[in-house]
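See below for coords27.csv, which holds CSV, C-alpha atoms and all ligand atoms.
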```csv
chain,number,residue,atom,x,y,z
A,1,MET,CA,-200.0,-167.3,-26.3
A,2,SER,CA,-197.5,-167.0,-23.4
A,3,ARG,CA,-198.7,-167.8,-20.0
A,4,PHE,CA,-198.6,-164.3,-18.7
A,5,ALA,CA,-199.6,-164.5,-15.1
A,6,VAL,CA,-199.3,-161.3,-13.2
A,7,PRO,CA,-200.8,-162.2,-9.8
A,8,LEU,CA,-204.4,-161.2,-10.0
A,9,ALA,CA,-204.7,-160.9,-6.2
A,10,LEU,CA,-201.7,-158.7,-5.8
A,11,ALA,CA,-202.5,-156.4,-8.6
A,12,PHE,CA,-205.8,-155.8,-7.0
A,13,LEU,CA,-204.5,-155.6,-3.5
A,14,CYS,CA,-202.0,-152.9,-4.3
A,15,LEU,CA,-204.9,-150.6,-5.2
A,16,SER,CA,-206.1,-150.8,-1.7
A,17,CYS,CA,-203.0,-151.3,0.3
A,18,SER,CA,-200.2,-148.9,-0.3
A,19,ARG,CA,-197.9,-150.5,2.3
A,20,ALA,CA,-198.2,-154.0,0.8
A,21,PRO,CA,-195.0,-155.9,1.2
A,22,ARG,CA,-193.1,-157.0,-1.9
A,23,PRO,CA,-193.8,-160.5,-3.1
A,24,ARG,CA,-191.2,-163.1,-3.9
A,25,VAL,CA,-191.8,-164.2,-7.5
A,26,GLU,CA,-190.3,-167.3,-9.1
A,27,PHE,CA,-191.0,-169.4,-12.2
A,28,VAL,CA,-192.0,-172.8,-10.9
A,29,LEU,CA,-194.8,-175.3,-11.7
A,30,GLY,CA,-194.7,-174.1,-15.3
A,31,THR,CA,-195.9,-170.6,-14.3
A,32,LEU,CA,-195.1,-167.4,-12.4
A,33,CYS,CA,-195.6,-168.1,-8.7
A,34,SER,CA,-195.7,-165.3,-6.2
A,35,VAL,CA,-195.8,-165.4,-2.4
A,36,THR,CA,-196.4,-162.4,-0.2
A,37,LEU,CA,-196.0,-162.5,3.6
A,38,PHE,CA,-198.1,-159.8,5.3
A,39,GLU,CA,-197.1,-160.2,8.9
A,40,ARG,CA,-193.7,-161.6,9.8
A,41,GLY,CA,-191.4,-163.9,8.0
A,42,GLY,CA,-188.3,-163.4,5.9
A,43,ALA,CA,-186.0,-165.0,3.4
A,44,ALA,CA,-186.0,-168.4,5.1
A,45,ASP,CA,-189.8,-168.6,5.0
A,46,TYR,CA,-190.0,-167.7,1.4
A,47,ASP,CA,-187.2,-170.3,0.7
A,48,ALA,CA,-189.2,-173.0,2.5
A,49,VAL,CA,-192.3,-172.3,0.5
A,50,PHE,CA,-190.5,-172.3,-2.9
A,51,ALA,CA,-188.5,-175.4,-2.0
A,52,ARG,CA,-191.8,-177.2,-1.4
A,53,LEU,CA,-193.2,-175.9,-4.7
A,54,GLN,CA,-190.1,-177.2,-6.5
A,55,GLU,CA,-190.5,-180.6,-4.9
A,56,ILE,CA,-194.1,-180.8,-6.2
A,57,GLU,CA,-192.9,-179.8,-9.7
A,58,ASP,CA,-190.3,-182.5,-9.6
A,59,SER,CA,-192.8,-185.2,-8.8
A,60,MET,CA,-195.7,-184.1,-10.9
A,61,ALA,CA,-194.2,-183.4,-14.3
A,62,PHE,CA,-195.0,-179.8,-15.1
A,63,THR,CA,-192.2,-179.9,-17.7
A,64,PRO,CA,-192.2,-183.4,-19.1
A,65,GLY,CA,-188.7,-184.4,-20.1
A,66,GLY,CA,-187.5,-181.1,-18.8
A,67,ALA,CA,-184.2,-180.4,-17.1
A,68,GLY,CA,-185.3,-182.2,-14.0
A,69,GLY,CA,-185.5,-185.6,-15.7
A,70,LEU,CA,-188.4,-187.9,-15.3
A,71,SER,CA,-190.9,-187.2,-12.6
A,72,GLU,CA,-192.9,-189.8,-10.7
A,73,LEU,CA,-195.8,-189.0,-12.8
A,74,ASP,CA,-193.8,-189.5,-16.0
A,75,LEU,CA,-192.8,-193.0,-14.7
A,76,VAL,CA,-196.5,-193.9,-14.0
A,77,ASN,CA,-197.3,-192.8,-17.6
A,78,LEU,CA,-194.3,-194.8,-19.1
A,79,ASN,CA,-195.5,-197.9,-17.2
A,80,ALA,CA,-199.1,-197.7,-18.4
A,81,GLY,CA,-200.3,-201.2,-19.3
A,82,ILE,CA,-197.0,-202.6,-17.9
A,83,GLY,CA,-197.0,-202.4,-14.1
A,84,PRO,CA,-197.6,-200.3,-10.9
A,85,VAL,CA,-195.0,-197.6,-10.0
A,86,ALA,CA,-194.1,-196.6,-6.4
A,87,VAL,CA,-195.0,-192.9,-5.9
A,88,GLY,CA,-194.7,-190.6,-2.9
A,89,ALA,CA,-197.4,-189.6,-0.5
A,90,GLY,CA,-198.0,-186.3,-2.2
A,91,LEU,CA,-198.7,-187.7,-5.7
A,92,LEU,CA,-200.7,-190.5,-4.2
A,93,GLU,CA,-203.0,-187.9,-2.5
A,94,VAL,CA,-203.4,-185.8,-5.6
A,95,LEU,CA,-204.3,-188.9,-7.6
A,96,GLU,CA,-206.9,-190.0,-5.1
A,97,GLU,CA,-208.4,-186.5,-5.2
A,98,ALA,CA,-208.3,-186.4,-9.0
A,99,ARG,CA,-210.1,-189.7,-9.1
A,100,ARG,CA,-212.7,-188.5,-6.6
A,101,TYR,CA,-213.4,-185.4,-8.8
A,102,ALA,CA,-213.6,-187.6,-11.9
A,103,GLU,CA,-216.3,-189.6,-10.2
A,104,LEU,CA,-218.1,-186.5,-8.8
A,105,SER,CA,-218.2,-184.9,-12.2
A,106,GLY,CA,-219.2,-188.1,-14.1
A,107,GLY,CA,-215.9,-188.0,-15.9
A,108,ALA,CA,-216.1,-184.4,-17.2
A,109,PHE,CA,-213.0,-183.8,-15.1
A,110,ASP,CA,-210.7,-186.7,-15.9
A,111,PRO,CA,-207.0,-187.0,-14.9
A,112,THR,CA,-206.4,-189.6,-17.7
A,113,VAL,CA,-207.0,-186.8,-20.3
A,114,GLY,CA,-203.2,-186.9,-21.1
A,115,PRO,CA,-203.3,-188.5,-24.6
A,116,LEU,CA,-205.9,-185.9,-25.7
A,117,VAL,CA,-203.9,-183.0,-24.2
A,118,ALA,CA,-200.8,-184.2,-25.9
A,119,LEU,CA,-202.6,-184.5,-29.2
A,120,TRP,CA,-203.8,-180.9,-29.2
A,121,GLY,CA,-200.5,-179.7,-27.9
A,122,ILE,CA,-202.2,-176.7,-26.3
A,123,GLY,CA,-199.7,-174.7,-24.3
A,124,GLY,CA,-196.8,-176.4,-26.2
A,125,GLU,CA,-194.8,-175.2,-29.2
A,126,ASN,CA,-196.9,-176.7,-32.0
A,127,PRO,CA,-200.6,-176.8,-31.1
A,128,ARG,CA,-202.9,-178.0,-33.9
A,129,VAL,CA,-206.4,-179.1,-34.6
A,130,PRO,CA,-206.1,-182.9,-34.9
A,131,ALA,CA,-208.0,-185.1,-37.4
A,132,GLY,CA,-211.2,-186.7,-36.3
A,133,GLU,CA,-209.7,-190.2,-36.2
A,134,GLU,CA,-206.8,-189.0,-34.1
A,135,ILE,CA,-209.2,-187.5,-31.6
A,136,GLN,CA,-211.2,-190.8,-31.5
A,137,ALA,CA,-208.1,-192.8,-30.8
A,138,ALA,CA,-206.9,-190.5,-28.0
A,139,LEU,CA,-210.4,-190.3,-26.5
A,140,ALA,CA,-210.6,-194.1,-26.4
A,141,LEU,CA,-207.7,-194.0,-23.9
A,142,VAL,CA,-209.3,-191.5,-21.5
A,143,ASP,CA,-211.0,-193.2,-18.6
A,144,TRP,CA,-210.3,-192.5,-15.0
A,145,ARG,CA,-211.6,-195.9,-14.0
A,146,ASP,CA,-208.3,-197.3,-15.5
A,147,LEU,CA,-206.3,-195.5,-12.8
A,148,VAL,CA,-205.5,-198.1,-10.1
A,149,ILE,CA,-204.2,-196.7,-6.8
A,150,ASP,CA,-202.9,-199.0,-4.1
A,151,ARG,CA,-202.6,-197.0,-1.0
A,152,ALA,CA,-201.1,-199.8,1.1
A,153,ALA,CA,-198.4,-200.5,-1.5
A,154,GLY,CA,-198.0,-196.8,-2.4
A,155,THR,CA,-198.3,-197.4,-6.1
A,156,ALA,CA,-200.2,-196.1,-9.0
A,157,PHE,CA,-201.0,-197.9,-12.3
A,158,LEU,CA,-202.8,-197.1,-15.6
A,159,ARG,CA,-204.3,-200.3,-17.0
A,160,ARG,CA,-203.8,-199.7,-20.7
A,161,ARG,CA,-200.8,-198.9,-22.8
A,162,GLY,CA,-200.8,-195.4,-24.2
A,163,GLN,CA,-202.8,-194.0,-21.3
A,164,ALA,CA,-201.4,-191.0,-19.6
A,165,LEU,CA,-202.2,-188.9,-16.5
A,166,ASP,CA,-202.3,-185.1,-16.8
A,167,LEU,CA,-202.6,-183.2,-13.5
A,168,GLY,CA,-202.7,-179.8,-15.0
A,169,ALA,CA,-206.2,-179.2,-13.6
A,170,ILE,CA,-205.5,-180.1,-10.0
A,171,ALA,CA,-201.8,-180.1,-9.1
A,172,LYS,CA,-201.4,-176.3,-8.7
A,173,GLY,CA,-204.2,-176.4,-6.2
A,174,TYR,CA,-202.4,-179.0,-4.2
A,175,ALA,CA,-199.3,-176.9,-4.4
A,176,ALA,CA,-201.1,-173.9,-3.1
A,177,ASP,CA,-202.4,-175.9,-0.2
A,178,GLN,CA,-198.9,-177.1,0.5
A,179,ALA,CA,-197.5,-173.6,0.4
A,180,ALA,CA,-200.2,-172.5,2.9
A,181,ALA,CA,-199.3,-175.5,5.1
A,182,VAL,CA,-195.6,-174.5,5.1
A,183,LEU,CA,-196.6,-171.0,6.1
A,184,ARG,CA,-199.0,-172.1,8.8
A,185,ARG,CA,-196.4,-174.4,10.3
A,186,GLY,CA,-194.1,-171.3,10.5
A,187,ARG,CA,-196.9,-169.5,12.3
A,188,LEU,CA,-197.3,-167.0,9.4
A,189,ARG,CA,-200.9,-166.3,9.4
A,190,ARG,CA,-201.4,-163.6,6.8
A,191,ALA,CA,-200.1,-164.3,3.3
A,192,LEU,CA,-201.1,-164.4,-0.3
A,193,VAL,CA,-200.0,-167.3,-2.4
A,194,ASP,CA,-200.6,-166.9,-6.2
A,195,LEU,CA,-199.5,-169.8,-8.4
A,196,GLY,CA,-200.3,-168.4,-11.9
A,197,GLY,CA,-203.7,-167.2,-10.8
A,198,ASN,CA,-204.4,-170.1,-8.5
A,199,ILE,CA,-204.7,-168.1,-5.3
A,200,PHE,CA,-204.6,-169.0,-1.6
A,201,ALA,CA,-205.5,-165.9,0.6
A,202,LEU,CA,-204.2,-167.1,4.0
A,203,GLY,CA,-205.9,-165.7,7.1
A,204,GLU,CA,-207.1,-162.1,7.1
A,205,ARG,CA,-205.7,-158.9,5.7
A,206,PRO,CA,-204.2,-156.7,8.4
A,207,GLY,CA,-207.0,-154.9,10.2
A,208,ARG,CA,-209.1,-158.1,10.1
A,209,GLU,CA,-210.2,-157.2,6.6
A,210,SER,CA,-211.1,-159.6,3.9
A,211,TRP,CA,-208.8,-160.1,1.0
A,212,ARG,CA,-210.1,-158.6,-2.3
A,213,ILE,CA,-209.5,-161.0,-5.2
A,214,GLY,CA,-210.2,-159.7,-8.6
A,215,VAL,CA,-212.1,-162.0,-11.1
A,216,GLN,CA,-210.5,-161.6,-14.5
A,217,ASP,CA,-212.7,-160.2,-17.3
A,218,PRO,CA,-212.2,-163.0,-19.8
A,219,LEU,CA,-212.8,-160.6,-22.7
A,220,GLU,CA,-210.2,-158.1,-21.7
A,221,GLU,CA,-206.4,-157.9,-21.1
A,222,ARG,CA,-205.1,-159.5,-18.0
A,223,GLY,CA,-205.5,-157.3,-15.0
A,224,ASN,CA,-209.0,-156.1,-15.9
A,225,TYR,CA,-211.6,-157.4,-13.4
A,226,LEU,CA,-215.3,-157.9,-13.9
A,227,GLY,CA,-215.8,-158.1,-10.2
A,228,VAL,CA,-214.2,-158.7,-6.8
A,229,LEU,CA,-214.5,-161.6,-4.3
A,230,ARG,CA,-214.0,-160.8,-0.6
A,231,VAL,CA,-212.6,-163.7,1.2
A,232,LYS,CA,-210.7,-164.8,4.3
A,233,ASP,CA,-208.6,-167.9,4.6
A,234,LYS,CA,-209.9,-169.2,1.3
A,235,SER,CA,-208.6,-170.3,-2.1
A,236,VAL,CA,-209.9,-168.7,-5.3
A,237,VAL,CA,-209.2,-170.4,-8.6
A,238,THR,CA,-210.4,-169.7,-12.1
A,239,SER,CA,-210.5,-171.8,-15.2
A,240,GLY,CA,-211.2,-170.0,-18.4
A,241,VAL,CA,-211.0,-169.9,-22.2
A,242,TYR,CA,-208.4,-167.2,-22.0
A,243,GLU,CA,-205.8,-169.0,-20.0
A,244,ARG,CA,-204.2,-171.2,-22.7
A,245,TYR,CA,-205.3,-171.3,-26.2
A,246,PHE,CA,-204.3,-171.1,-29.9
A,247,GLU,CA,-206.1,-169.8,-33.0
A,248,GLU,CA,-206.5,-171.6,-36.3
A,249,GLY,CA,-208.7,-170.7,-39.2
A,250,GLY,CA,-210.1,-167.8,-37.2
A,251,ARG,CA,-211.3,-170.0,-34.4
A,252,ARG,CA,-210.0,-170.1,-30.9
A,253,TYR,CA,-209.2,-173.5,-29.3
A,254,HIS,CA,-208.7,-173.4,-25.5
A,255,HIS,CA,-207.3,-175.9,-23.1
A,256,ILE,CA,-210.2,-177.5,-21.3
A,257,LEU,CA,-211.1,-180.6,-23.3
A,258,SER,CA,-214.4,-182.4,-23.4
A,259,THR,CA,-214.0,-186.0,-22.4
A,260,ARG,CA,-217.1,-186.7,-24.5
A,261,ASP,CA,-216.1,-185.4,-27.9
A,262,GLY,CA,-212.4,-184.7,-27.5
A,263,TYR,CA,-212.7,-181.0,-28.5
A,264,PRO,CA,-212.3,-177.9,-26.4
A,265,VAL,CA,-215.5,-177.6,-24.3
A,266,GLN,CA,-218.1,-175.3,-25.8
A,267,ASN,CA,-221.0,-174.5,-23.6
A,268,GLY,CA,-221.3,-170.8,-23.6
A,269,LEU,CA,-219.0,-170.3,-20.6
A,270,LEU,CA,-215.9,-168.1,-20.6
A,271,SER,CA,-214.8,-168.9,-17.1
A,272,VAL,CA,-215.6,-170.4,-13.8
A,273,THR,CA,-214.2,-169.2,-10.5
A,274,ILE,CA,-214.4,-171.3,-7.4
A,275,VAL,CA,-214.0,-170.2,-3.8
A,276,ALA,CA,-213.2,-173.0,-1.3
A,277,GLY,CA,-211.2,-173.7,1.9
A,278,ARG,CA,-208.8,-176.0,0.1
A,279,SER,CA,-207.1,-175.0,-3.2
A,280,ILE,CA,-207.0,-178.6,-4.5
A,281,ASP,CA,-210.8,-178.5,-4.4
A,282,ALA,CA,-211.1,-175.1,-6.0
A,283,ASP,CA,-208.7,-176.1,-8.8
A,284,ALA,CA,-210.3,-179.4,-9.6
A,285,LEU,CA,-213.8,-177.9,-9.4
A,286,SER,CA,-213.0,-174.9,-11.6
A,287,THR,CA,-212.1,-177.3,-14.4
A,288,ALA,CA,-214.8,-179.7,-13.6
A,289,CYS,CA,-217.5,-177.0,-13.5
A,290,PHE,CA,-216.3,-175.5,-16.6
A,291,ALA,CA,-216.5,-178.8,-18.4
A,292,LEU,CA,-219.9,-179.6,-16.8
A,293,GLY,CA,-221.4,-176.2,-17.8
A,294,PRO,CA,-223.4,-173.8,-15.7
A,295,GLU,CA,-226.4,-176.0,-14.8
A,296,ARG,CA,-224.7,-179.2,-13.9
A,297,GLY,CA,-221.6,-177.3,-12.5
A,298,LEU,CA,-223.8,-175.3,-10.3
A,299,ALA,CA,-225.6,-178.4,-9.0
A,300,LEU,CA,-222.2,-179.9,-8.1
A,301,VAL,CA,-221.1,-176.8,-6.3
A,302,GLU,CA,-224.4,-176.5,-4.4
A,303,SER,CA,-224.0,-180.1,-3.3
A,304,LEU,CA,-220.6,-179.4,-1.6
A,305,PRO,CA,-220.0,-177.7,1.7
A,306,ASP,CA,-217.8,-174.5,1.9
A,307,THR,CA,-217.7,-174.1,-1.9
A,308,GLU,CA,-218.9,-171.2,-4.0
A,309,ALA,CA,-218.8,-170.4,-7.7
A,310,VAL,CA,-219.0,-167.6,-10.2
A,311,PHE,CA,-219.8,-168.8,-13.8
A,312,VAL,CA,-219.2,-166.2,-16.5
A,313,GLY,CA,-221.1,-166.7,-19.8
A,314,ALA,CA,-220.2,-165.4,-23.2
A,315,ASP,CA,-223.3,-163.3,-23.1
A,316,ARG,CA,-221.7,-161.5,-20.2
A,317,GLY,CA,-224.2,-163.0,-17.8
A,318,LEU,CA,-222.9,-164.2,-14.5
A,319,THR,CA,-224.4,-167.1,-12.5
A,320,LEU,CA,-223.5,-167.2,-8.8
A,321,SER,CA,-223.9,-170.0,-6.4
A,322,SER,CA,-226.1,-169.3,-3.4
A,323,GLY,CA,-223.3,-168.3,-1.1
A,324,ALA,CA,-221.3,-166.4,-3.7
A,325,ALA,CA,-223.7,-163.5,-3.8
A,326,GLY,CA,-222.5,-162.3,-0.4
A,327,LEU,CA,-218.8,-162.4,-1.4
A,328,PHE,CA,-219.0,-161.0,-4.9
A,329,THR,CA,-219.3,-157.4,-6.1
A,330,LEU,CA,-219.6,-156.4,-9.8
A,331,ALA,CA,-216.9,-154.0,-10.9
A,332,GLY,CA,-219.2,-152.1,-13.3
A,333,GLY,CA,-218.7,-152.8,-17.0
A,334,ASP,CA,-221.1,-154.7,-19.1
A,335,TYR,CA,-221.5,-157.8,-17.0
A,336,ARG,CA,-224.7,-158.6,-15.1
A,337,ILE,CA,-225.9,-161.3,-12.8
A,338,ILE,CA,-228.5,-163.5,-14.4
A,339,SER,CA,-230.3,-166.8,-13.7
A,340,THR,CA,-228.8,-170.2,-14.6
A,341,SER,CA,-231.2,-171.0,-17.3
A,342,SER,CA,-230.3,-168.1,-19.6
A,343,ILE,CA,-226.9,-169.6,-20.4
A,344,SER,CA,-227.5,-172.4,-22.9
A,345,ASN,CA,-225.6,-175.6,-22.5
A,346,THR,CA,-225.1,-176.8,-26.0
A,347,ARG,CA,-222.6,-179.7,-25.5
B,401,LIG,P1,-204.9,-173.8,-15.6
B,401,LIG,O1,-203.9,-174.7,-16.1
B,401,LIG,O2,-205.0,-172.5,-16.3
B,401,LIG,O3,-204.8,-173.6,-14.1
B,401,LIG,P2,-207.2,-175.6,-15.3
B,401,LIG,O4,-207.0,-175.8,-13.8
B,401,LIG,O5,-208.5,-175.4,-15.8
B,401,LIG,O6,-206.4,-174.4,-15.8
B,401,LIG,O7,-206.5,-176.9,-16.0
B,401,LIG,C1,-206.6,-177.1,-17.4
B,401,LIG,C2,-205.5,-178.1,-17.7
B,401,LIG,O8,-206.0,-179.4,-17.3
B,401,LIG,C3,-205.3,-178.3,-19.2
B,401,LIG,O9,-204.2,-177.5,-19.6
B,401,LIG,C4,-205.0,-179.8,-19.3
B,401,LIG,O10,-203.6,-180.0,-18.9
B,401,LIG,C5,-205.9,-180.4,-18.2
B,401,LIG,N1,-207.2,-180.7,-18.7
B,401,LIG,C6,-207.8,-180.4,-19.9
B,401,LIG,N2,-209.1,-180.9,-20.0
B,401,LIG,C7,-209.3,-181.6,-18.8
B,401,LIG,C8,-210.4,-182.3,-18.3
B,401,LIG,N3,-211.5,-182.5,-19.0
B,401,LIG,N4,-210.2,-182.9,-17.1
B,401,LIG,C9,-209.0,-182.8,-16.4
B,401,LIG,N5,-208.0,-182.1,-16.8
B,401,LIG,C10,-208.1,-181.5,-18.0
B,402,MG,MG,-208.4,-176.5,-12.4
```
Go ahead and render the structure in this file as structure tokens.
Amino acid sequence: MSRFAVPLALAFLCLSCSRAPRPRVEFVLGTLCSVTLFERGGAADYDAVFARLQEIEDSMAFTPGGAGGLSELDLVNLNAGIGPVAVGAGLLEVLEEARRYAELSGGAFDPTVGPLVALWGIGGENPRVPAGEEIQAALALVDWRDLVIDRAAGTAFLRRRGQALDLGAIAKGYAADQAAAVLRRGRLRRALVDLGGNIFALGERPGRESWRIGVQDPLEERGNYLGVLRVKDKSVVTSGVYERYFEEGGRRYHHILSTRDGYPVQNGLLSVTIVAGRSIDADALSTACFALGPERGLALVESLPDTEAVFVGADRGLTLSSGAAGLFTLAGGDYRIISTSSISNTR
């Protein structure tokens, strides 16, 4: 169940670009992160990007209680029901965006999902299927409306004891945007940032071409693509059942949890890929749309500017947003593009 994250974009890119420069790859943000500069830039530029990623890890608790000590986010969680905690501008921004997506998705995406995530332990050493009462108790603590952000004071507060924030569904997107910002400030205009599959394809490929980003086939080994998205200066982020999961009693339990019933979301979807100008949006939306299911997810995507989506159903049917059709090409294989209604939304 390791989080094996060979950069999707790079693997694909190398097929088409034999002179692709070597990426710098480091383990940060709890995953393998790779950055490739395609124009200019050298060690100092890579250093600057990875330094920024490390700062984000330190403030947003990717490894709770890890070597880095308590993060700002840990402190907010420890002070739930007690009092507001001063946090930096970065965390404040991510919390505001998380709350916005919680509202937009009617709570299907919820950054206060922490107690539920901890209970299931998915991605940790000892994941397990909790008892029904445990799930109910954790679920009672999940409510994004209990997150109080005071912009003027620069503080964040969870109203009730036991509540906890988990930014696993949005922080890597923020980090990818920050990496892109560092590169743009350095006037580096062509680059690929891949934070464990959370991709920012900066600018154009040499020759004014689009980047070709593979969409993982959720039913195959990593590196097998069901199709390709052609994008310029966009982020591409996927949430899927294959990313983090464990198996018990012959069933697979994945890591996107329903804030309605407390179990992994089951709605006939295997993955959702979002294309957007900002990675924080693509990241939050990939999780939100997965949780919402194809119909409501698609409606959300269509309501937003500069945002496209590819929904992959367990029946190997794909649902594309209106603008995704022009970006997406099937790779062959058994997948086909269908209409929204033929994926059933059971939960
Ligand atoms: P990945 O971590 O693979 O990039 P996602 O962006 O979809 O995948 O984030 C999933 C993570 O978000 C989970 O591991 C968990 O930490 C958290 N999470 C789970 N369910 C929800 C939810 N309903 N709303 C917000 N965050 C969630
Ligand atoms: Mg996400």
All residues having an atom within 7 Å of ligand MG 402 (chain B) (all atoms listed in the file) as number ranges by chain = A: 169-170, 239, 283-287
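Using all atoms listed in the file, the nearest neighbour of Tyr253 of chain A within the list A:Val129, A:Ala191, A:Ile213, A:Ala44 is A:Val129.
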Given only C-alpha atoms and all ligand atoms, how would the per-residue table for chain A near ligand LIG 401 (chain B) read, listing every residue at most 9 Å away with its closest atom pair and distance in Å to one decimal, sorted by chain and number, as a tab-separated table?
```
residue	atom	partner	partner_atom	distance
A:Arg3	CA	B:LIG401	O2	8.7
A:Ala98	CA	B:LIG401	C9	8.3
A:Ala102	CA	B:LIG401	N4	7.8
A:Gly107	CA	B:LIG401	N3	7.7
A:Ala108	CA	B:LIG401	N3	5.3
A:Phe109	CA	B:LIG401	N4	3.6
A:Asp110	CA	B:LIG401	N4	4.0
A:Pro111	CA	B:LIG401	C9	4.9
A:Thr112	CA	B:LIG401	C9	7.4
A:Val113	CA	B:LIG401	C7	5.9
A:Gly114	CA	B:LIG401	O10	7.3
A:Leu116	CA	B:LIG401	C6	8.2
A:Val117	CA	B:LIG401	C4	6.0
A:Ala118	CA	B:LIG401	O10	8.6
A:Ile122	CA	B:LIG401	O9	7.0
A:Gly123	CA	B:LIG401	O9	7.1
A:Leu165	CA	B:LIG401	N5	8.9
A:Asp166	CA	B:LIG401	O10	5.7
A:Leu167	CA	B:LIG401	O10	6.4
A:Gly168	CA	B:LIG401	O10	4.0
A:Ala169	CA	B:LIG401	O7	3.3
A:Ile170	CA	B:LIG401	O4	5.9
A:Ala171	CA	B:LIG401	O4	8.2
A:Lys172	CA	B:LIG401	O3	6.9
A:Gly173	CA	B:LIG401	O4	8.1
A:Leu195	CA	B:LIG401	O3	8.7
A:Gly196	CA	B:LIG401	O3	7.2
A:Gly197	CA	B:LIG401	O3	7.3
A:Asn198	CA	B:LIG401	O3	6.6
A:Val237	CA	B:LIG401	O3	7.7
A:Thr238	CA	B:LIG401	O5	7.1
A:Ser239	CA	B:LIG401	O5	4.2
A:Gly240	CA	B:LIG401	O5	6.6
A:Val241	CA	B:LIG401	O5	8.8
A:Tyr242	CA	B:LIG401	O2	8.5
A:Glu243	CA	B:LIG401	O2	5.2
A:Arg244	CA	B:LIG401	O2	6.6
A:His254	CA	B:LIG401	O9	8.5
A:His255	CA	B:LIG401	O9	4.9
A:Ile256	CA	B:LIG401	N2	3.8
A:Leu257	CA	B:LIG401	N2	3.9
A:Ser258	CA	B:LIG401	N3	5.3
A:Thr259	CA	B:LIG401	N3	5.5
A:Arg260	CA	B:LIG401	N3	8.9
A:Gly262	CA	B:LIG401	N3	8.8
A:Pro264	CA	B:LIG401	N2	7.8
A:Val265	CA	B:LIG401	N3	8.3
A:Val272	CA	B:LIG401	O5	8.9
A:Ala282	CA	B:LIG401	O4	8.8
A:Asp283	CA	B:LIG401	O4	5.3
A:Ala284	CA	B:LIG401	O4	6.4
A:Leu285	CA	B:LIG401	O4	8.4
A:Ser286	CA	B:LIG401	O5	6.2
A:Thr287	CA	B:LIG401	O5	4.3
A:Ala288	CA	B:LIG401	N4	6.6
A:Phe290	CA	B:LIG401	O5	7.8
A:Ala291	CA	B:LIG401	N3	6.2
```
Using only C-alpha atoms: which of A:Ala314, A:Val76, A:Val85, A:Ala175 has the shortest distance to Glu57 of chain A | A:Ala175
Closest to Leu226 of chain A among A:Asp261, A:Glu209, A:Glu96, A:Asp334, using all atoms listed in the file?
->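 Smallest separation from Leu226 of chain A among the options: A:Asp334.
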At most 6 Å from (-194.7, -190.3, -9.0), file frame, only C-alpha atoms: which residues, as JSON, numbers by chain?
-> {"A": [59, 72, 73, 87, 91]}
re atom CA of Asp150 of chain A and atom CA of Gly83 of chain A: distance 12.1 Å
Excluding Phe50 of chain A and residues on its chain fewer than 6 positions from it, collect all residues at most 9 Å away from it, counting all atoms listed in the file, and give them as a PyMOL selection string.
-> chain A and resi 26+28+33+35+179
Could you please determine the separation between atom CA of Ala20 of chain A and atom CA of Leu37 of chain A in Å, to one decimal place?
-> 9.2 Å
Would you list the residues near (-202.9, -164.8, 10.5), meaning any protein, DNA or RNA residue with an atom at most 12 Å from that point in file coordinates, counting only C-alpha atoms, as a PDB file with C-alpha atoms, keeping the file's coordinate frame?
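Output contents, as saved in part.pdb:
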```
ATOM      1  CA  LEU A  37    -196.000-162.500   3.600  1.00  0.00           C
ATOM      2  CA  PHE A  38    -198.100-159.800   5.300  1.00  0.00           C
ATOM      3  CA  GLU A  39    -197.100-160.200   8.900  1.00  0.00           C
ATOM      4  CA  ARG A  40    -193.700-161.600   9.800  1.00  0.00           C
ATOM      5  CA  GLY A  41    -191.400-163.900   8.000  1.00  0.00           C
ATOM      6  CA  ALA A 180    -200.200-172.500   2.900  1.00  0.00           C
ATOM      7  CA  LEU A 183    -196.600-171.000   6.100  1.00  0.00           C
ATOM      8  CA  ARG A 184    -199.000-172.100   8.800  1.00  0.00           C
ATOM      9  CA  ARG A 185    -196.400-174.400  10.300  1.00  0.00           C
ATOM     10  CA  GLY A 186    -194.100-171.300  10.500  1.00  0.00           C
ATOM     11  CA  ARG A 187    -196.900-169.500  12.300  1.00  0.00           C
ATOM     12  CA  LEU A 188    -197.300-167.000   9.400  1.00  0.00           C
ATOM     13  CA  ARG A 189    -200.900-166.300   9.400  1.00  0.00           C
ATOM     14  CA  ARG A 190    -201.400-163.600   6.800  1.00  0.00           C
ATOM     15  CA  ALA A 191    -200.100-164.300   3.300  1.00  0.00           C
ATOM     16  CA  LEU A 192    -201.100-164.400  -0.300  1.00  0.00           C
ATOM     17  CA  ALA A 201    -205.500-165.900   0.600  1.00  0.00           C
ATOM     18  CA  LEU A 202    -204.200-167.100   4.000  1.00  0.00           C
ATOM     19  CA  GLY A 203    -205.900-165.700   7.100  1.00  0.00           C
ATOM     20  CA  GLU A 204    -207.100-162.100   7.100  1.00  0.00           C
ATOM     21  CA  ARG A 205    -205.700-158.900   5.700  1.00  0.00           C
ATOM     22  CA  PRO A 206    -204.200-156.700   8.400  1.00  0.00           C
ATOM     23  CA  GLY A 207    -207.000-154.900  10.200  1.00  0.00           C
ATOM     24  CA  ARG A 208    -209.100-158.100  10.100  1.00  0.00           C
ATOM     25  CA  GLU A 209    -210.200-157.200   6.600  1.00  0.00           C
ATOM     26  CA  SER A 210    -211.100-159.600   3.900  1.00  0.00           C
ATOM     27  CA  LYS A 232    -210.700-164.800   4.300  1.00  0.00           C
ATOM     28  CA  ASP A 233    -208.600-167.900   4.600  1.00  0.00           C
TER      29      ASP A 233
END
```
Point-to-point distance in Å for atom CA of Asp45 of chain A and atom CA of Ala89 of chain A =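 A separation of 23.0 Å between them.
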Nearest to Ile135 of chain A among A:Ser322, A:Val215, A:Tyr263, A:Val182, with distances taken over all atoms listed in the file: which residue is it?
->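 Smallest distance to Ile135 of chain A is found for A:Tyr263.
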